[in-house]
Amino acid sequence: MRIVRAKLEGVNAEPGRVAAADVARMILGLERAIARAAYLVLGKARRGTGRHSQAIESAARLRFVGVERGSFVELLALPEGAEPTDEELPFSVADLSSLAFDRLLTVITSGSPDTDAELAAAVAQLATELGIGDRNTAITLINDSEQTGKPARRATIDVAVRERMQRLSEQAPASRDETLVGVLFEADFEGNTARLRLASGGVVTVNFLPELADDIQEALRSRARLEGHVRYHPRTAQATSVELRAVSRSTQLELDVESFWESQTFAELQAAQGTTGRVDAAALGMADLTNDERAAFLAALGE
C-alpha cells in the first residue's frame with residue numbers, strides 16, 4: 001500500500017478540535033490537484049479520450065487509511081492496481097498516481113514561473129478552502145520513503161505558497177490548442193508560413209506543414225478558421241503564432257436585405273395589435289374619486 005501523509009498545521013489542527021469539513025476538504029482538494037498533475041504526466045489536455053480521463057480519475061482516487069497521533073495527519077493510500085491504464089499509455093494506474101503526486105510536490109517546492117496554471121489553481125483552491133493563513137497555518141504533504149526506497153519528500157503549502165499559486169493560476173497560458181478566425185494573407189509556400197489578420201486587428205504568424213499548402217492556397221484572402229497550437233505573448237497575452245493542424249474557409253451566408261423588412265400599413269398594424277388608434281381622454285379619468293382621494297393623489301405627485 002502506497003501511503004502519503006497530509007499534515008494540517010494550526011491551533012486547532014488536532015483530533016477532537018479540527019473541523020470535520022477540513023478533513024474532507026484535504027482529501028477532495030488533493031484529489032483535484034493529483035488529477036491535474038496526472039494530465040501533465042501524460043501530456044494530455046483535459047479534452048483527451050474517455051480512456052485517458054478514466055485512467056486519470058482512477059489515479060486520483062485516494063483512500064482514507066487513518067490518522068496519526070499528535071497533530072492532525074491524515075494517512076491516505078494511493079491506488080494499488082498494477083494493471084496498465086490502457087494499451088496507449090505506458091503507466092499502470094498505481095505508477096501514474098505516484099508520478100502525479102511527485103509532480104505535485106515538485107510544483108509546490110520549485111517556485112517555477114512556468115507552473116501549469118490549472119495545477120496552480122488546484123493548489124491555491126486547496127489552500128483557500130483549508131483557510132491557510134487564517135484558521136490553519138499550513139498543510140504539509142509527505143511521500144512515504146519506506147515504499148519508494150528514497151528519502152522522504154515533503155512540500156508545505158503556507159500563505160506564501162498559496163499566494164504564489166494564486167498569481168500563477170491567473171496568468172494567461174503561454175500556449176494552448178485553440179481555433180483562430182481571421183483573414184489569411186502573405187503566404188510563403190517555400191518557407192511554409194503565412195499571416196492571419198484577426199478581427200481585433202492583430203496579426204498572427206501561421207506555420208504550416210507542406211501537406212497543408214493547398215488548403216492555405218484555397219483559403220487565402222478569405223475568412224478562415226485555423227486549428228492548431230497557439231502561442232501567446234507572455235506580457236500582453238495576445239496570440240503571436242500558430243502551429244497549424246487544419247484550416248477551413250468560413251461559409252459566407254448570402255442574405256437578402258429585403259428579407260429583414262415587412263411592409264405593413266397603419267391599418268394592418270392596428271388590426272394585428274387589436275387597437276383602434278383612437279384614445280378617449282374621458283375614459284382615462286376616474287369619475288368616482290372623492291375630493292379627499294384627489295387631494296391625496298395630488299399630494300403624492302408633489303412629493
# chains A, B, ... in the order shown; residues from 1 in each chain; ligands from 1

$ residues_around --residues "region 131-143 of chain A" --least-positions-apart "2" --cutoff "8 Å" --atoms "only C-alpha atoms" --output "PyMOL selection string"
chain A and resi 3-13+102+105+127-129+145+152-159+162

$ residues_around --residues "region 211-217 of chain A" --least-positions-apart "2" --cutoff "8 Å" --atoms "only C-alpha atoms" --output "list in words"
Leu184, Ala187, Phe189, Asn192, Phe208, Leu209, Ala219, Leu220, Ala246, Val247 and Ser248 of chain A

$ write_last_selection --atoms "C-alpha atoms" --output "mmCIF file, in the first residue's frame"
data_model
loop_
_atom_site.group_PDB
_atom_site.id
_atom_site.type_symbol
_atom_site.label_atom_id
_atom_site.label_comp_id
_atom_site.auth_asym_id
_atom_site.auth_seq_id
_atom_site.Cartn_x
_atom_site.Cartn_y
_atom_site.Cartn_z
ATOM 1 C CA LEU A 184 -5.229 34.679 -44.358
ATOM 2 C CA ALA A 187 1.577 33.094 -47.740
ATOM 3 C CA PHE A 189 4.999 28.464 -49.798
ATOM 4 C CA ASN A 192 5.620 27.303 -45.189
ATOM 5 C CA PHE A 208 2.083 25.017 -41.652
ATOM 6 C CA LEU A 209 3.290 21.678 -42.987
ATOM 7 C CA ALA A 219 -8.225 29.962 -48.092
ATOM 8 C CA LEU A 220 -6.010 32.954 -48.990
ATOM 9 C CA ALA A 246 -6.187 22.190 -40.014
ATOM 10 C CA VAL A 247 -7.675 25.100 -41.945
ATOM 11 C CA SER A 248 -11.159 25.611 -43.325
#

$ residues_around --residues "region 17-25 of chain A" --least-positions-apart "6" --cutoff "8 Å" --atoms "only C-alpha atoms" --output "list in words"
Phe72, Leu126, Glu129 and Leu130 of chain A

$ select_by_dssp --residues "region 119-278 of chain A" --states "helix (DSSP H, G or I)" --output "PDB file with C-alpha atoms, in the first residue's frame"
ATOM      1  CA  LEU A 119      -2.425  22.838 -11.349  1.00  0.00           C
ATOM      2  CA  ALA A 120      -1.538  26.093  -9.594  1.00  0.00           C
ATOM      3  CA  ALA A 121      -5.258  26.863  -9.345  1.00  0.00           C
ATOM      4  CA  ALA A 122      -5.920  23.456  -7.769  1.00  0.00           C
ATOM      5  CA  VAL A 123      -3.223  24.036  -5.128  1.00  0.00           C
ATOM      6  CA  ALA A 124      -4.481  27.566  -4.445  1.00  0.00           C
ATOM      7  CA  GLN A 125      -8.047  26.278  -4.098  1.00  0.00           C
ATOM      8  CA  LEU A 126      -6.928  23.596  -1.630  1.00  0.00           C
ATOM      9  CA  ALA A 127      -5.134  26.211   0.482  1.00  0.00           C
ATOM     10  CA  THR A 128      -8.052  28.638   0.352  1.00  0.00           C
ATOM     11  CA  GLU A 129     -10.653  26.029   1.314  1.00  0.00           C
ATOM     12  CA  SER A 145      10.015   6.897   1.934  1.00  0.00           C
ATOM     13  CA  GLU A 146       9.661   3.265   3.098  1.00  0.00           C
ATOM     14  CA  GLN A 147       7.886   2.194  -0.090  1.00  0.00           C
ATOM     15  CA  THR A 148       9.975   4.142  -2.585  1.00  0.00           C
ATOM     16  CA  VAL A 159       0.446  31.568   2.997  1.00  0.00           C
ATOM     17  CA  ALA A 160       3.362  32.398   0.697  1.00  0.00           C
ATOM     18  CA  VAL A 161       2.798  29.301  -1.438  1.00  0.00           C
ATOM     19  CA  ARG A 162      -0.949  29.923  -1.562  1.00  0.00           C
ATOM     20  CA  GLU A 163      -0.415  33.479  -2.815  1.00  0.00           C
ATOM     21  CA  ARG A 164       2.211  32.367  -5.347  1.00  0.00           C
ATOM     22  CA  MET A 165      -0.073  29.668  -6.703  1.00  0.00           C
ATOM     23  CA  GLN A 166      -2.925  32.151  -6.942  1.00  0.00           C
ATOM     24  CA  ARG A 167      -0.772  34.501  -9.018  1.00  0.00           C
ATOM     25  CA  LEU A 168       0.360  31.671 -11.284  1.00  0.00           C
ATOM     26  CA  SER A 169      -3.217  30.491 -11.792  1.00  0.00           C
ATOM     27  CA  PRO A 210       3.787  21.233 -46.759  1.00  0.00           C
ATOM     28  CA  GLU A 211       0.749  18.958 -46.982  1.00  0.00           C
ATOM     29  CA  LEU A 212      -1.446  21.882 -45.882  1.00  0.00           C
ATOM     30  CA  ALA A 213      -0.187  24.178 -48.659  1.00  0.00           C
ATOM     31  CA  ASP A 214      -3.185  23.529 -50.921  1.00  0.00           C
ATOM     32  CA  ASP A 215      -5.595  24.328 -48.095  1.00  0.00           C
ATOM     33  CA  ILE A 216      -3.721  27.556 -47.392  1.00  0.00           C
ATOM     34  CA  GLN A 217      -3.802  28.497 -51.080  1.00  0.00           C
ATOM     35  CA  GLU A 218      -7.554  27.928 -51.238  1.00  0.00           C
ATOM     36  CA  ALA A 219      -8.225  29.962 -48.092  1.00  0.00           C
ATOM     37  CA  VAL A 257     -31.621  42.615 -47.172  1.00  0.00           C
ATOM     38  CA  GLU A 258     -35.258  42.741 -48.222  1.00  0.00           C
ATOM     39  CA  SER A 259     -35.881  39.674 -46.071  1.00  0.00           C
ATOM     40  CA  PHE A 260     -35.473  41.859 -42.984  1.00  0.00           C
ATOM     41  CA  PHE A 266     -51.041  51.575 -40.308  1.00  0.00           C
ATOM     42  CA  ALA A 267     -54.420  49.862 -40.571  1.00  0.00           C
ATOM     43  CA  GLU A 268     -52.760  46.432 -40.811  1.00  0.00           C
ATOM     44  CA  LEU A 269     -50.672  47.140 -37.717  1.00  0.00           C
ATOM     45  CA  GLN A 270     -53.838  48.211 -35.835  1.00  0.00           C
ATOM     46  CA  ALA A 271     -55.578  45.009 -36.832  1.00  0.00           C
ATOM     47  CA  ALA A 272     -52.617  42.852 -35.825  1.00  0.00           C
ATOM     48  CA  GLN A 273     -52.406  44.518 -32.397  1.00  0.00           C
TER      49      GLN A 273
END

$ atom_distance --atom1 "CA of Glu57 (chain A)" --atom2 "CA of Met1 (chain A)"
18.5 Å

$ residues_around --residues "Leu226 (chain A)" --least-positions-apart "6" --cutoff "9 Å" --atoms "only C-alpha atoms" --output "PDB file with N, CA and C atoms, in the first residue's frame"
ATOM      1  N   GLU A 178      -6.077  25.755 -29.814  1.00  0.00           N
ATOM      2  CA  GLU A 178      -7.195  26.688 -29.963  1.00  0.00           C
ATOM      3  C   GLU A 178      -7.525  26.859 -31.447  1.00  0.00           C
ATOM      4  N   THR A 179      -8.677  27.451 -31.705  1.00  0.00           N
ATOM      5  CA  THR A 179      -9.098  27.785 -33.064  1.00  0.00           C
ATOM      6  C   THR A 179      -9.099  29.298 -33.224  1.00  0.00           C
ATOM      7  N   LEU A 180      -8.433  29.797 -34.253  1.00  0.00           N
ATOM      8  CA  LEU A 180      -8.400  31.223 -34.555  1.00  0.00           C
ATOM      9  C   LEU A 180      -9.191  31.484 -35.830  1.00  0.00           C
ATOM     10  N   VAL A 181      -9.845  32.630 -35.875  1.00  0.00           N
ATOM     11  CA  VAL A 181     -10.632  33.015 -37.046  1.00  0.00           C
ATOM     12  C   VAL A 181     -10.125  34.360 -37.549  1.00  0.00           C
ATOM     13  N   GLY A 182      -9.884  34.451 -38.844  1.00  0.00           N
ATOM     14  CA  GLY A 182      -9.410  35.701 -39.418  1.00  0.00           C
ATOM     15  C   GLY A 182      -9.230  35.561 -40.922  1.00  0.00           C
ATOM     16  N   VAL A 206       1.477  32.218 -39.084  1.00  0.00           N
ATOM     17  CA  VAL A 206       0.968  30.855 -39.270  1.00  0.00           C
ATOM     18  C   VAL A 206       2.088  29.977 -39.822  1.00  0.00           C
ATOM     19  N   VAL A 242       0.795  30.382 -34.608  1.00  0.00           N
ATOM     20  CA  VAL A 242       0.026  29.141 -34.509  1.00  0.00           C
ATOM     21  C   VAL A 242       0.707  28.074 -35.356  1.00  0.00           C
ATOM     22  N   LEU A 244      -0.086  25.149 -37.327  1.00  0.00           N
ATOM     23  CA  LEU A 244      -1.358  24.772 -37.936  1.00  0.00           C
ATOM     24  C   LEU A 244      -1.528  23.254 -38.050  1.00  0.00           C
ATOM     25  N   ARG A 245      -2.729  22.806 -37.705  1.00  0.00           N
ATOM     26  CA  ARG A 245      -3.107  21.411 -37.915  1.00  0.00           C
ATOM     27  C   ARG A 245      -4.200  21.273 -38.970  1.00  0.00           C
ATOM     28  N   ALA A 246      -5.089  22.254 -39.043  1.00  0.00           N
ATOM     29  CA  ALA A 246      -6.187  22.190 -40.014  1.00  0.00           C
ATOM     30  C   ALA A 246      -6.665  23.597 -40.308  1.00  0.00           C
ATOM     31  N   VAL A 247      -7.139  23.800 -41.546  1.00  0.00           N
ATOM     32  CA  VAL A 247      -7.675  25.100 -41.945  1.00  0.00           C
ATOM     33  C   VAL A 247      -8.934  24.865 -42.762  1.00  0.00           C
ATOM     34  N   SER A 248      -9.920  25.703 -42.549  1.00  0.00           N
ATOM     35  CA  SER A 248     -11.159  25.611 -43.325  1.00  0.00           C
ATOM     36  C   SER A 248     -11.681  27.011 -43.571  1.00  0.00           C
ATOM     37  N   ARG A 249     -12.290  27.196 -44.728  1.00  0.00           N
ATOM     38  CA  ARG A 249     -12.860  28.500 -45.062  1.00  0.00           C
ATOM     39  C   ARG A 249     -14.191  28.650 -44.366  1.00  0.00           C
TER      40      ARG A 249
END

$ closest_residue --among "A:Arg197, A:His233, A:Arg225, A:Arg61" --to "Gly29 (chain A)" --atoms "only C-alpha atoms"
A:Arg61

$ residues_around --residues "Arg231 (chain A)" --least-positions-apart "6" --cutoff "7 Å" --atoms "only C-alpha atoms" --output "count of residues only"
7

$ atom_distance --atom1 "CA of Arg2 (chain A)" --atom2 "CA of Ala117 (chain A)"
27.8 Å

$ select_by_dssp --residues "region 97-216 of chain A" --states "strand (DSSP E or B)" --output "PyMOL selection string"
chain A and resi 132+136+138-143+153-157+175-188+193-198+203-207

$ atom_distance --atom1 "CA of Ser222 (chain A)" --atom2 "CA of Phe185 (chain A)"
8.3 Å
